[in-house]
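J.: One structure follows; several queries about it will come next.
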Amino acid sequence: MDDGPDVPREQGRPLPAPRTEQSAVLLDRHLRVLSATPLAQALSPHFREGADLARSTFLDVLDLQDLPCWRDAAEQVTALLSASLDRHHGDREFRSIVGDLSVSSPAFAAAWARDAPVRGSGSVRFLGTAVGTVPLDYRLARPPHDDERTLLLFEPADAAARRALERLAVTVREPPRSA
């Protein structure tokens, strides 16, 4: 099966286990979150286990849809869904996701019509975290011999992002004290 040109498969070696201080999300073929590190969950509520990344991107954040950073992220979520659908055609759950989103979200319908390619890496800005906006680079990888899952890894885009991510990691390790 075709993996798509921009999502590398980690050839001949297992993917590294994400560390607690690393931001990583494991997605199934329908873009449902299978697991995420605590730091990734602190970046976005959409990274909670069991969350449907496609639906939450287009249906849960209507107030963000005018922002360029949201449009870029939404386009890649749509591209990932489309690429996965191409690899797993005939899947009823895919048809349900695409049908629901096409009817419920004009932004999804427009992104789907553009048919953008998956980028194996890029940049994204996380807004409204406990430490404010955190700009990160991301890369996608697939475990060897596994067409079902995609690993989404985030890394600081620059020194300021590294400091913000370090501050966010402290909030994950030391939850706020109640009064």
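Residues are named by chain letter and number: chains run A, B, ... in the order of the structure tokens, numbers start at 1 in each chain, and ligands are numbered from 1 in the order shown.
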Just want the 8 Å neighbourhood of A:Leu151, counted on only C-alpha atoms, with same-chain residues fewer than 6 positions away dropped. Output as number ranges by chain.
T.: A: 24-27, 140-143
J.: Take the residues from that selection and put them in a file with C-alpha atoms, as a CSV table (one decimal), in the first residue's frame.
T.:
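Below is the file that was written, result.csv:
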```
chain,number,residue,atom,x,y,z
A,24,ALA,CA,3.8,13.1,20.8
A,25,VAL,CA,0.4,11.8,19.7
A,26,LEU,CA,-0.4,8.4,18.2
A,27,LEU,CA,-3.4,8.4,15.8
A,140,LEU,CA,4.8,12.6,11.0
A,141,ALA,CA,6.0,9.0,11.0
A,142,ARG,CA,4.5,5.6,10.6
A,143,PRO,CA,5.6,2.5,12.6
```
J.: I need the residues in stretch 78-160 of chain A that are alpha helix (DSSP H) according to DSSP; give them as a PyMOL selection string.
T.: chain A and resi 78-87+92-104+106-114+159-160
J.: Generate a file of the selected residues that holds C-alpha atoms, formatted as a PDB file, in the first residue's frame.
T.:
```
ATOM      1  CA  THR A  78      -7.969  17.094   6.099  1.00  0.00           C
ATOM      2  CA  ALA A  79      -4.983  15.913   4.034  1.00  0.00           C
ATOM      3  CA  LEU A  80      -4.176  13.207   6.612  1.00  0.00           C
ATOM      4  CA  LEU A  81      -7.782  12.022   6.585  1.00  0.00           C
ATOM      5  CA  SER A  82      -7.853  11.965   2.779  1.00  0.00           C
ATOM      6  CA  ALA A  83      -4.549  10.068   2.526  1.00  0.00           C
ATOM      7  CA  SER A  84      -5.710   7.525   5.079  1.00  0.00           C
ATOM      8  CA  LEU A  85      -8.999   7.113   3.229  1.00  0.00           C
ATOM      9  CA  ASP A  86      -7.045   6.457   0.023  1.00  0.00           C
ATOM     10  CA  ARG A  87      -5.126   3.665   1.783  1.00  0.00           C
ATOM     11  CA  ARG A  92     -17.788   2.818   6.529  1.00  0.00           C
ATOM     12  CA  GLU A  93     -16.385   4.910   9.391  1.00  0.00           C
ATOM     13  CA  PHE A  94     -14.428   7.079   6.935  1.00  0.00           C
ATOM     14  CA  ARG A  95     -17.552   7.690   4.891  1.00  0.00           C
ATOM     15  CA  SER A  96     -19.365   8.672   8.081  1.00  0.00           C
ATOM     16  CA  ILE A  97     -16.629  11.090   9.176  1.00  0.00           C
ATOM     17  CA  VAL A  98     -16.324  12.729   5.758  1.00  0.00           C
ATOM     18  CA  GLY A  99     -20.108  12.882   5.298  1.00  0.00           C
ATOM     19  CA  ASP A 100     -20.742  14.378   8.738  1.00  0.00           C
ATOM     20  CA  LEU A 101     -18.009  16.965   8.366  1.00  0.00           C
ATOM     21  CA  SER A 102     -18.996  17.877   4.802  1.00  0.00           C
ATOM     22  CA  VAL A 103     -22.531  18.662   5.981  1.00  0.00           C
ATOM     23  CA  SER A 104     -21.614  20.269   9.312  1.00  0.00           C
ATOM     24  CA  PRO A 106     -18.190  24.522   5.325  1.00  0.00           C
ATOM     25  CA  ALA A 107     -14.505  24.893   6.268  1.00  0.00           C
ATOM     26  CA  PHE A 108     -14.031  21.115   6.041  1.00  0.00           C
ATOM     27  CA  ALA A 109     -15.884  20.943   2.710  1.00  0.00           C
ATOM     28  CA  ALA A 110     -13.637  23.677   1.299  1.00  0.00           C
ATOM     29  CA  ALA A 111     -10.457  22.022   2.620  1.00  0.00           C
ATOM     30  CA  TRP A 112     -11.581  18.631   1.269  1.00  0.00           C
ATOM     31  CA  ALA A 113     -12.204  20.150  -2.178  1.00  0.00           C
ATOM     32  CA  ARG A 114      -8.678  21.629  -2.259  1.00  0.00           C
ATOM     33  CA  ALA A 159      14.658  28.993  21.473  1.00  0.00           C
ATOM     34  CA  ALA A 160      11.585  30.930  22.646  1.00  0.00           C
TER      35      ALA A 160
END
```
J.: Quick one: everything within 10 Å of A:Leu165, counting only C-alpha atoms, minus sequence neighbours fewer than 4 positions away in the same chain. Send it as a VMD selection string.
T.: chain A and resid 21 to 23 39 42 to 43 129 131 133 to 136 155 to 156 159 to 161 169 to 171
J.: Would you please give, as a list of chain:residue names, all residues of stretch 138-176 of chain A that DSSP assigns to strand (DSSP E) based on the backbone?
T.: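 Matching residues, listed in order: A:Tyr138, A:Arg139, A:Leu140, A:Ala141, A:Thr150, A:Leu151, A:Leu152, A:Leu153, A:Phe154, A:Glu155, A:Pro156.
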J.: What is the distance between atom CA of A:His30 and atom CA of A:Phe47, in Å to one decimal?
T.: 13.9 Å
J.: For the atom pair atom CA of A:Glu166 and atom CA of A:Val124, what is the interatomic distance in Å to one decimal place?
T.: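 About the pair atom CA of A:Glu166 and atom CA of A:Val124: they are 17.2 Å apart.
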J.: Restricting the calculation to only C-alpha atoms, which member of A:Val33, A:Leu127, A:Leu64, A:Tyr138 is positioned closest to A:Gln76?
T.: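 Using only C-alpha atoms, A:Gln76 sits closest to A:Tyr138.
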J.: Rounded to one decimal, what separation in Å do you get between atom CA of A:Ala54 and atom CA of A:Thr150?
T.: 13.9 Å
J.: Name the closest residue to A:Leu62 among the candidates A:His88, A:Ser105, A:Glu49, A:Thr37; distances are taken between atoms, counting only C-alpha atoms.
T.: A:Ser105
